[in-house]
file model_10.cif (mmCIF, C-alpha atoms)
data_start
#
loop_
_atom_site.label_atom_id
_atom_site.label_comp_id
_atom_site.auth_asym_id
_atom_site.auth_seq_id
_atom_site.Cartn_x
_atom_site.Cartn_y
_atom_site.Cartn_z
CA MET A 1 -8.32 102.06 74.87
CA ASN A 2 -10.55 101.96 77.88
CA ASP A 3 -8.26 101.16 80.73
CA PRO A 4 -9.80 102.15 84.06
CA ALA A 5 -6.35 103.20 85.27
CA HIS A 6 -6.17 105.72 82.46
CA PRO A 7 -9.63 107.01 81.60
CA PRO A 8 -9.68 109.40 78.62
CA THR A 9 -11.04 112.23 80.76
CA ALA A 10 -8.44 111.83 83.51
CA ARG A 11 -6.24 114.86 84.05
CA PRO A 12 -3.14 114.74 86.17
CA GLY A 13 -4.25 115.45 89.68
CA THR A 14 -2.53 115.73 92.98
CA SER A 15 -3.31 113.29 95.71
CA GLN A 16 -1.93 112.92 99.23
CA VAL A 17 -2.23 115.81 101.63
CA ALA A 18 -4.00 117.95 99.05
CA PRO A 19 -3.08 121.63 99.33
CA GLY A 20 -5.56 124.46 98.82
CA ARG A 21 -7.14 124.89 95.43
CA ALA A 22 -5.16 127.94 94.33
CA GLU A 23 -1.98 126.33 95.54
CA GLN A 24 -2.82 123.12 93.71
CA ARG A 25 -3.12 125.00 90.43
CA ARG A 26 0.31 126.51 90.91
CA ILE A 27 1.85 123.15 91.75
CA ALA A 28 0.27 121.64 88.67
CA LEU A 29 1.79 124.38 86.49
CA VAL A 30 5.28 123.76 87.87
CA ASP A 31 4.87 120.01 87.31
CA LEU A 32 3.44 120.59 83.86
CA LEU A 33 6.27 122.89 82.77
CA ASP A 34 8.81 120.41 84.13
CA ARG A 35 7.35 117.83 81.78
CA VAL A 36 6.44 119.75 78.63
CA LEU A 37 9.69 121.74 78.61
CA ALA A 38 12.16 119.08 79.72
CA GLY A 39 10.31 115.96 78.54
CA GLY A 40 8.74 114.98 75.26
CA VAL A 41 10.63 113.71 72.27
CA VAL A 42 13.12 116.24 70.93
CA ILE A 43 12.76 116.78 67.20
CA ALA A 44 14.76 119.29 65.19
CA GLY A 45 12.04 121.49 63.74
CA GLU A 46 12.13 125.01 62.39
CA VAL A 47 11.83 125.92 66.05
CA THR A 48 12.96 123.62 68.85
CA LEU A 49 13.48 124.71 72.41
CA SER A 50 17.11 124.60 73.40
CA VAL A 51 18.42 123.92 76.89
CA ALA A 52 19.15 127.64 77.16
CA ASP A 53 15.53 128.49 76.30
CA VAL A 54 14.25 126.14 78.98
CA GLU A 55 16.66 127.59 81.50
CA MET A 56 15.51 131.10 80.61
CA VAL A 57 11.90 130.09 81.23
CA ARG A 58 12.84 128.63 84.61
CA VAL A 59 14.65 131.80 85.63
CA SER A 60 11.77 134.07 84.71
CA LEU A 61 9.29 131.74 86.41
CA ARG A 62 11.34 131.82 89.59
CA ALA A 63 11.62 135.61 89.44
CA LEU A 64 7.85 135.91 89.08
CA VAL A 65 7.04 133.60 91.97
CA CYS A 66 9.62 135.27 94.22
CA SER A 67 8.13 138.69 93.53
CA VAL A 68 4.69 137.34 94.39
CA THR A 69 5.74 135.59 97.60
CA ALA A 70 7.71 138.66 98.74
CA LEU A 71 4.30 140.33 99.19
CA GLU A 72 3.07 137.58 101.48
CA PRO A 73 3.77 137.67 105.20
CA ARG A 74 6.96 135.71 105.85
CA LEU A 75 6.75 132.54 107.80
CA VAL A 76 9.28 132.48 110.61
CA ILE A 77 11.20 129.34 109.73
CA ASP A 78 14.00 129.46 112.22
CA GLU A 79 13.56 131.52 115.36
CA GLU A 80 17.14 130.80 116.38
CA ARG A 81 18.45 132.88 113.53
CA GLU A 82 16.48 135.99 114.45
CA ASP A 83 19.46 137.58 116.15
CA ASP A 84 22.00 136.71 113.42
CA MET P 1 -1.83 126.13 54.42
CA THR P 2 -0.10 129.37 53.56
CA ALA P 3 3.35 130.78 54.14
CA ASP P 4 2.03 132.90 57.00
CA GLN P 5 1.31 129.73 58.96
CA VAL P 6 3.60 127.21 60.65
CA VAL P 7 2.87 123.73 62.00
CA TRP P 8 2.93 123.04 65.73
CA LEU P 9 3.59 119.41 66.70
CA TYR P 10 1.92 117.70 69.72
CA ALA P 11 2.47 113.96 69.58
CA PHE P 12 2.92 110.87 67.43
CA ALA P 13 0.66 107.83 67.33
CA THR P 14 0.34 104.71 65.22
CA TYR P 15 -1.74 104.71 62.07
CA PRO P 16 -4.72 103.95 61.76
CA ALA P 17 -5.46 107.28 63.27
CA PRO P 18 -7.20 107.56 66.63
CA PRO P 19 -10.50 109.46 66.60
CA ALA P 20 -9.99 113.20 66.21
CA PRO P 21 -8.75 114.53 69.57
CA GLN P 22 -11.32 116.30 71.74
CA PRO P 23 -10.80 119.12 72.67
CA SER P 24 -10.14 119.65 68.99
CA THR P 25 -8.58 123.06 69.59
CA GLY P 26 -4.95 123.30 70.55
CA VAL P 27 -2.42 126.08 71.03
CA GLY P 28 -3.61 129.53 70.03
CA GLY P 29 -7.15 128.12 69.71
CA ALA P 30 -6.18 126.46 66.43
CA PRO P 31 -7.91 123.23 65.36
CA VAL P 32 -5.98 119.98 65.79
CA ARG P 33 -5.40 117.82 62.70
CA LEU P 34 -3.63 114.58 62.02
CA VAL P 35 -0.88 114.21 59.42
CA ALA P 36 -0.63 110.53 58.43
CA HIS P 37 2.50 109.11 56.81
CA ALA P 38 4.77 106.05 56.98
CA GLY P 39 2.36 104.12 59.22
CA LEU P 40 2.30 106.90 61.79
CA VAL P 41 0.25 109.98 62.54
CA ALA P 42 1.38 113.30 63.92
CA ALA P 43 -1.12 115.53 65.72
CA VAL P 44 -0.53 119.12 64.60
CA SER P 45 -2.09 122.58 64.44
CA SER P 46 -1.53 125.27 61.85
CA VAL P 47 -0.73 128.45 63.76
CA PRO P 48 0.17 131.98 62.65
CA ARG P 49 3.87 132.50 61.87
CA LEU P 50 3.42 135.95 63.36
CA ASP P 51 3.05 134.35 66.81
CA PHE P 52 4.80 130.99 66.42
CA GLY P 53 7.71 131.68 64.08
CA PRO P 54 11.19 131.41 65.64
CA GLU P 55 11.52 135.03 66.75
CA PRO P 56 8.01 135.74 68.08
CA LEU P 57 7.95 132.36 69.82
CA ARG P 58 11.12 133.13 71.79
CA ARG P 59 9.66 136.49 72.78
CA HIS P 60 6.39 134.87 73.86
CA LEU P 61 8.21 132.34 76.03
CA GLU P 62 9.27 135.15 78.32
CA ASP P 63 5.62 135.95 78.93
CA LEU P 64 4.61 133.53 81.66
CA ASP P 65 0.88 133.91 81.14
CA TRP P 66 1.36 133.05 77.49
CA LEU P 67 3.64 130.16 78.40
CA ALA P 68 1.20 128.76 80.97
CA GLN P 69 -1.71 129.00 78.55
CA THR P 70 0.28 127.41 75.73
CA ALA P 71 1.65 124.64 77.95
CA ARG P 72 -1.87 123.81 79.13
CA ALA P 73 -3.24 123.84 75.57
CA HIS P 74 -0.38 121.60 74.38
CA ASN P 75 -0.90 119.24 77.30
CA ALA P 76 -4.68 119.13 76.81
CA VAL P 77 -4.20 117.78 73.28
CA VAL P 78 -1.44 115.36 74.32
CA GLU P 79 -3.49 114.12 77.26
CA THR P 80 -6.64 113.65 75.22
CA MET P 81 -4.71 111.63 72.66
CA ALA P 82 -3.06 109.59 75.41
CA GLY P 83 -6.56 108.67 76.62
CA LEU P 84 -7.40 107.30 73.15
CA THR P 85 -4.26 105.48 72.12
CA THR P 86 -0.55 105.04 72.78
CA ILE P 87 1.36 108.21 71.96
CA VAL P 88 4.83 109.70 72.02
CA PRO P 89 4.54 113.28 73.28
CA VAL P 90 6.65 115.94 71.58
CA ARG P 91 8.44 118.67 73.53
CA LEU P 92 6.68 122.01 73.80
CA ALA P 93 7.41 124.52 71.03
CA THR P 94 8.44 122.15 68.24
CA VAL P 95 7.41 123.93 65.06
CA PHE P 96 7.72 123.04 61.36
CA SER P 97 7.31 125.23 58.33
CA ASP P 98 4.69 122.97 56.69
CA ASP P 99 3.11 119.49 56.54
CA ASP P 100 5.72 118.28 54.03
CA ARG P 101 8.46 118.80 56.63
CA VAL P 102 6.36 116.79 59.12
CA ARG P 103 5.99 113.94 56.58
CA GLU P 104 9.74 114.05 55.94
CA LEU P 105 10.29 113.71 59.66
CA LEU P 106 7.91 110.74 59.86
CA ASP P 107 9.84 109.16 56.99
CA THR P 108 13.27 109.51 58.57
CA ARG P 109 12.28 108.76 62.17
CA CYS P 110 9.54 106.15 61.71
CA THR P 111 11.64 103.28 63.10
CA GLN P 112 12.53 105.10 66.30
CA ILE P 113 9.05 106.53 66.84
CA ALA P 114 7.48 103.11 66.31
CA ALA P 115 9.92 101.59 68.82
CA ALA P 116 9.06 104.28 71.38
CA LEU P 117 5.33 103.64 70.79
CA ARG P 118 5.82 99.92 71.44
CA ALA P 119 7.74 100.63 74.64
CA LEU P 120 5.02 102.97 75.95
CA ALA P 121 1.92 100.90 75.14
CA GLY P 122 -0.29 100.42 78.21
CA ARG P 123 1.96 102.55 80.41
CA SER P 124 1.65 105.98 81.99
CA GLU P 125 3.89 108.37 83.84
CA TRP P 126 3.41 109.14 87.55
CA GLY P 127 5.20 111.84 89.53
CA VAL P 128 6.20 111.31 93.15
CA LYS P 129 7.54 114.12 95.30
CA ALA P 130 8.56 113.81 98.91
CA TYR P 131 8.75 116.79 101.24
CA GLY P 132 10.52 116.79 104.55
CA ASP P 133 10.72 119.08 107.53
CA PRO P 134 14.51 119.54 107.81
CA ARG P 135 14.39 120.21 111.55
CA ALA P 136 12.37 117.13 112.39
CA MET P 137 14.61 115.03 110.15
CA ALA P 138 17.75 116.17 111.95
CA VAL P 139 16.31 115.38 115.36
CA GLY P 140 17.68 112.15 116.73
CA SER P 141 20.42 112.15 114.11
CA GLN P 142 22.63 114.51 116.08
CA ALA P 143 23.59 115.48 119.62
CA PRO P 144 22.50 118.97 120.66
CA PRO P 145 25.20 121.63 120.20
CA ALA P 146 27.42 122.18 123.25
CA ALA P 147 26.72 125.30 125.24
CA ALA P 148 29.31 128.08 124.95
CA PRO P 149 31.95 127.88 127.71
CA PRO P 150 31.41 130.39 130.53
CA GLY P 151 33.02 133.70 129.85
CA ALA P 152 33.13 133.17 126.08
CA GLY P 153 32.37 136.27 124.04
CA ALA P 154 29.40 136.84 121.79
CA GLY P 155 31.64 136.11 118.78
CA THR P 156 32.52 132.63 120.05
CA ALA P 157 28.88 131.92 120.81
CA TYR P 158 27.92 133.02 117.32
CA LEU P 159 30.60 130.86 115.69
CA GLN P 160 29.56 127.85 117.74
CA ARG P 161 25.95 128.33 116.88
CA ARG P 162 26.80 128.77 113.21
CA ARG P 163 28.95 125.63 113.24
CA ALA P 164 26.10 123.68 114.81
CA GLU P 165 23.71 124.99 112.18
CA LEU P 166 26.03 123.99 109.36
CA SER P 167 26.54 120.50 110.71
CA THR P 168 22.76 120.17 111.13
CA GLU P 169 22.42 121.06 107.43
CA ASP P 170 24.95 118.34 106.64
CA VAL P 171 23.01 115.79 108.64
CA VAL P 172 19.73 116.77 106.99
CA GLN P 173 21.38 116.51 103.56
CA ARG P 174 22.67 113.03 104.32
CA VAL P 175 19.42 111.82 105.85
CA GLY P 176 17.53 113.26 102.89
CA GLN P 177 19.76 111.66 100.26
CA GLN P 178 19.55 108.29 101.94
CA LEU P 179 15.77 108.56 102.21
CA ALA P 180 15.51 109.57 98.54
CA ARG P 181 17.55 106.52 97.50
CA GLN P 182 15.36 104.18 99.54
CA MET P 183 12.09 105.66 98.27
CA HIS P 184 13.33 105.70 94.67
CA ALA P 185 14.32 102.02 94.91
CA ALA P 186 10.94 101.06 96.38
CA LEU P 187 9.13 102.91 93.58
CA LEU P 188 11.37 101.48 90.85
CA ALA P 189 10.48 97.99 92.07
CA VAL P 190 6.87 98.55 90.95
CA SER P 191 7.55 100.54 87.77
CA VAL P 192 9.03 99.95 84.33
CA ALA P 193 11.47 102.85 84.55
CA GLY P 194 12.02 105.87 86.70
CA ARG P 195 14.33 108.72 87.31
CA GLN P 196 15.09 111.30 89.93
CA ASN P 197 14.89 114.88 88.71
CA PRO P 198 16.57 117.78 90.47
CA PRO P 199 14.33 118.95 93.32
CA GLN P 200 12.02 121.80 92.34
CA ASP P 201 12.45 125.16 93.93
CA THR P 202 9.98 124.71 96.78
CA THR P 203 8.98 128.36 96.53
CA LEU P 204 7.78 127.53 93.02
CA ALA P 205 5.95 124.50 94.30
CA GLY P 206 4.13 126.69 96.82
CA THR P 207 5.63 125.24 99.96
CA ARG P 208 8.53 126.12 102.21
CA GLU P 209 9.32 122.51 103.04
CA TRP P 210 12.40 120.82 101.70
CA MET P 211 11.93 118.61 98.63
CA VAL P 212 13.65 115.32 99.37
CA LEU P 213 12.61 113.44 96.22
CA ASN P 214 11.39 114.60 92.82
CA GLY P 215 10.93 111.35 90.96
CA THR P 216 8.97 110.38 87.90
CA TYR P 217 8.06 106.81 86.94
CA LEU P 218 6.75 104.88 83.98
CA VAL P 219 4.18 102.43 85.32
CA ASP P 220 2.18 99.66 83.66
CA ASP P 221 -1.45 100.79 83.76
CA ARG P 222 -2.47 97.45 85.25
CA ARG P 223 -0.01 98.04 88.13
CA ALA P 224 -1.12 101.63 88.79
CA GLN P 225 -2.99 100.61 91.94
CA THR P 226 0.04 98.74 93.31
CA PHE P 227 2.21 101.77 92.60
CA ARG P 228 -0.26 104.00 94.42
CA GLU P 229 -0.24 101.66 97.40
CA VAL P 230 3.56 101.82 97.60
CA VAL P 231 3.37 105.63 97.62
CA VAL P 232 0.75 105.56 100.39
CA GLY P 233 2.93 103.11 102.35
CA LEU P 234 6.03 105.32 102.03
CA ASP P 235 3.97 108.33 103.07
CA ALA P 236 2.83 106.54 106.22
CA GLU P 237 6.33 105.32 107.09
CA ARG P 238 7.68 108.57 108.55
CA ALA P 239 5.85 111.37 110.27
CA ASP P 240 8.39 113.99 109.12
CA VAL P 241 8.17 113.14 105.40
CA ARG P 242 5.08 113.38 103.24
CA LEU P 243 4.64 112.18 99.69
CA GLU P 244 2.65 113.65 96.86
CA LEU P 245 1.52 111.69 93.83
CA THR P 246 0.61 113.28 90.48
CA GLY P 247 -0.70 111.56 87.40
CA PRO P 248 -1.38 109.74 85.29
CA TRP P 249 0.65 111.91 82.92
CA PRO P 250 1.27 111.24 79.26
CA PRO P 251 4.77 109.69 79.17
CA TYR P 252 6.63 112.99 78.68
CA SER P 253 9.69 111.86 80.59
CA PHE P 254 9.95 108.49 78.86
CA SER P 255 9.35 109.38 75.25
CA GLY P 256 12.48 107.68 73.96
CA VAL P 257 14.43 110.92 73.68
CA GLN P 258 17.71 109.02 73.76
CA GLU P 259 16.90 106.63 70.92
CA VAL P 260 15.60 109.39 68.71
CA GLU P 261 18.33 111.87 69.52
CA SER P 262 21.17 109.44 69.03
CA THR P 263 20.54 108.98 65.30
#
call {"tool": "encode", "arguments": {"input": "model_10.cif", "output": "structure tokens"}}
result
Amino acid sequence: MNDPAHPPTARPGTSQVAPGRAEQRRIALVDLLDRVLAGGVVIAGEVTLSVADVEMVRVSLRALVCSVTALEPRLVIDEEREDD
Amino acid sequence: MTADQVVWLYAFATYPAPPAPQPSTGVGGAPVRLVAHAGLVAAVSSVPRLDFGPEPLRRHLEDLDWLAQTARAHNAVVETMAGLTTIVPVRLATVFSDDDRVRELLDTRCTQIAAALRALAGRSEWGVKAYGDPRAMAVGSQAPPAAAPPGAGAGTAYLQRRRAELSTEDVVQRVGQQLARQMHAALLAVSVAGRQNPPQDTTLAGTREWMVLNGTYLVDDRRAQTFREVVVGLDAERADVRLELTGPWPPYSFSGVQEVEST
């Protein structure tokens, strides 16, 4: 199949307001995991990911990213809450 | 194939087989092969049971570097195949004990897999996410909070401010939901199917903005340009909302899970 809309070498990319390169890679991983873990046809094999497995992956992914971003300088999102 | 190996499944396609997928290496660096049976082919790799058997696989899934690498390897094979022919992608980490089990599967599920292949021919998946700035979105939708009455204590002022904040959150939620519905409808009008997924954790997505829409759509390849134009149009519509388009993806989210699961 040689459809120009779907060339064999095309990889999912991000368009619109493209973020920085490193950031783009991270976004792609989140999008990719969303699809390969939650999508795809579900077949009962010797091993098949359960909903609980997928959830576990999400939780550990979130924990990892939070521990990374905690090291970055915080963006002040809401100055009005400074004195809360 | 030996007992110390298991079979990792990537995708199904129609027989006659597409050319051997390039890259021909898949998860764990294993070569990709095609198992043909019942008018279908399954793309598979033989991988060590030591790493991909039920127990080690669950352990590995907790290792995010391993998971990322494996997800990318799985997707590389699926994507390469999708560029060659119509495929039905299989969920990550679907493993069989040997090729005979795969052939058995092709036997019992051939009708459903063939139906899914027909439904996906000439179509690809596109992801559309919309991010909004909650503050800008609330502006104009709400009167400014009343100033605290003279002589009111710090506690009253705090409560008033907190109440105003909460009602602003409500307004933003409502505005966001309405926007998501409108955008989703506009995108569905130019696609075959679509669905709204729960918004991603925006920390994960590398942004602190609010994710208004996390949609994914099955689009006819010949209408891909039209779909893209609709996304660009929606992006231009509001200054406080920006859209992001990803794809084309293999049709992970539209692989006929329902039909196959329900039997």
call {"tool": "closest_residue", "arguments": {"input": "model_10.cif", "among": "P:Ala42, P:Ala224, P:Ala71, P:Met81", "to": "P:Arg109", "atoms": "all atoms listed in the file"}}
result
P:Ala42
call {"tool": "resolve_selection", "arguments": {"input": "model_10.cif", "expression": "the PyMOL selection byres ((chain P) within 7 of (chain A))", "output": "PDB file with C-alpha atoms, in the coordinates of the input"}}
result
ATOM      1  CA  PRO P  54      11.190 131.410  65.640  1.00  0.00           C
ATOM      2  CA  LEU P  61       8.210 132.340  76.030  1.00  0.00           C
ATOM      3  CA  GLU P  62       9.270 135.150  78.320  1.00  0.00           C
ATOM      4  CA  LEU P  64       4.610 133.530  81.660  1.00  0.00           C
ATOM      5  CA  ALA P  71       1.650 124.640  77.950  1.00  0.00           C
ATOM      6  CA  THR P  80      -6.640 113.650  75.220  1.00  0.00           C
ATOM      7  CA  GLY P  83      -6.560 108.670  76.620  1.00  0.00           C
ATOM      8  CA  LEU P  84      -7.400 107.300  73.150  1.00  0.00           C
ATOM      9  CA  THR P  85      -4.260 105.480  72.120  1.00  0.00           C
ATOM     10  CA  PRO P  89       4.540 113.280  73.280  1.00  0.00           C
ATOM     11  CA  VAL P  90       6.650 115.940  71.580  1.00  0.00           C
ATOM     12  CA  ARG P  91       8.440 118.670  73.530  1.00  0.00           C
ATOM     13  CA  LEU P  92       6.680 122.010  73.800  1.00  0.00           C
ATOM     14  CA  ALA P  93       7.410 124.520  71.030  1.00  0.00           C
ATOM     15  CA  THR P  94       8.440 122.150  68.240  1.00  0.00           C
ATOM     16  CA  VAL P  95       7.410 123.930  65.060  1.00  0.00           C
ATOM     17  CA  PHE P  96       7.720 123.040  61.360  1.00  0.00           C
ATOM     18  CA  SER P  97       7.310 125.230  58.330  1.00  0.00           C
ATOM     19  CA  LEU P 204       7.780 127.530  93.020  1.00  0.00           C
ATOM     20  CA  ALA P 205       5.950 124.500  94.300  1.00  0.00           C
ATOM     21  CA  GLY P 206       4.130 126.690  96.820  1.00  0.00           C
ATOM     22  CA  ASP P 221      -1.450 100.790  83.760  1.00  0.00           C
ATOM     23  CA  ARG P 222      -2.470  97.450  85.250  1.00  0.00           C
ATOM     24  CA  ALA P 224      -1.120 101.630  88.790  1.00  0.00           C
ATOM     25  CA  LEU P 243       4.640 112.180  99.690  1.00  0.00           C
ATOM     26  CA  GLU P 244       2.650 113.650  96.860  1.00  0.00           C
ATOM     27  CA  LEU P 245       1.520 111.690  93.830  1.00  0.00           C
ATOM     28  CA  THR P 246       0.610 113.280  90.480  1.00  0.00           C
ATOM     29  CA  GLY P 247      -0.700 111.560  87.400  1.00  0.00           C
ATOM     30  CA  PRO P 248      -1.380 109.740  85.290  1.00  0.00           C
ATOM     31  CA  TRP P 249       0.650 111.910  82.920  1.00  0.00           C
ATOM     32  CA  TYR P 252       6.630 112.990  78.680  1.00  0.00           C
ATOM     33  CA  SER P 253       9.690 111.860  80.590  1.00  0.00           C
ATOM     34  CA  SER P 255       9.350 109.380  75.250  1.00  0.00           C
ATOM     35  CA  GLY P 256      12.480 107.680  73.960  1.00  0.00           C
ATOM     36  CA  VAL P 257      14.430 110.920  73.680  1.00  0.00           C
ATOM     37  CA  GLU P 261      18.330 111.870  69.520  1.00  0.00           C
TER      38      GLU P 261
END
call {"tool": "atom_distance", "arguments": {"input": "model_10.cif", "atom1": "atom CA of P:Gly28", "atom2": "atom CA of P:Tyr15"}}
result
26.1 Å
call {"tool": "residues_around", "arguments": {"input": "model_10.cif", "residues": "stretch 127-131 of chain P", "least_positions_apart": "5", "cutoff": "8 Å", "atoms": "all atoms listed in the file", "output": "mmCIF file with C-alpha atoms, in the coordinates of the input"}}
result
data_model
loop_
_atom_site.group_PDB
_atom_site.id
_atom_site.type_symbol
_atom_site.label_atom_id
_atom_site.label_comp_id
_atom_site.auth_asym_id
_atom_site.auth_seq_id
_atom_site.Cartn_x
_atom_site.Cartn_y
_atom_site.Cartn_z
ATOM 1 C CA GLU P 209 9.320 122.510 103.040
ATOM 2 C CA TRP P 210 12.400 120.820 101.700
ATOM 3 C CA MET P 211 11.930 118.610 98.630
ATOM 4 C CA VAL P 212 13.650 115.320 99.370
ATOM 5 C CA LEU P 213 12.610 113.440 96.220
ATOM 6 C CA ASN P 214 11.390 114.600 92.820
ATOM 7 C CA GLY P 215 10.930 111.350 90.960
ATOM 8 C CA THR P 216 8.970 110.380 87.900
ATOM 9 C CA TYR P 217 8.060 106.810 86.940
ATOM 10 C CA VAL P 231 3.370 105.630 97.620
ATOM 11 C CA VAL P 241 8.170 113.140 105.400
ATOM 12 C CA ARG P 242 5.080 113.380 103.240
ATOM 13 C CA LEU P 243 4.640 112.180 99.690
ATOM 14 C CA GLU P 244 2.650 113.650 96.860
ATOM 15 C CA LEU P 245 1.520 111.690 93.830
ATOM 16 C CA THR P 246 0.610 113.280 90.480
ATOM 17 C CA GLY P 247 -0.700 111.560 87.400
#
call {"tool": "atom_distance", "arguments": {"input": "model_10.cif", "atom1": "atom CA of P:Val175", "atom2": "atom CA of P:Pro198"}}
result
16.7 Å
call {"tool": "closest_residue", "arguments": {"input": "model_10.cif", "among": "P:Ser24, P:Ala138, P:Ala68, P:His74", "to": "P:Val171", "atoms": "only C-alpha atoms"}}
result
P:Ala138
call {"tool": "atom_distance", "arguments": {"input": "model_10.cif", "atom1": "atom CA of P:Phe254", "atom2": "atom CA of P:Glu125"}}
result
7.8 Å
call {"tool": "resolve_selection", "arguments": {"input": "model_10.cif", "expression": "the PyMOL selection byres ((chain P and resi 189) around 12)", "output": "list in words"}}
result
Gln182, Met183, His184, Ala185, Ala186, Leu187, Leu188, Val190, Ser191, Val192, Ala193, Gly194, Tyr217, Leu218, Val219, Asp220, Arg223, Thr226, Phe227, Val230 and Val231 of chain P
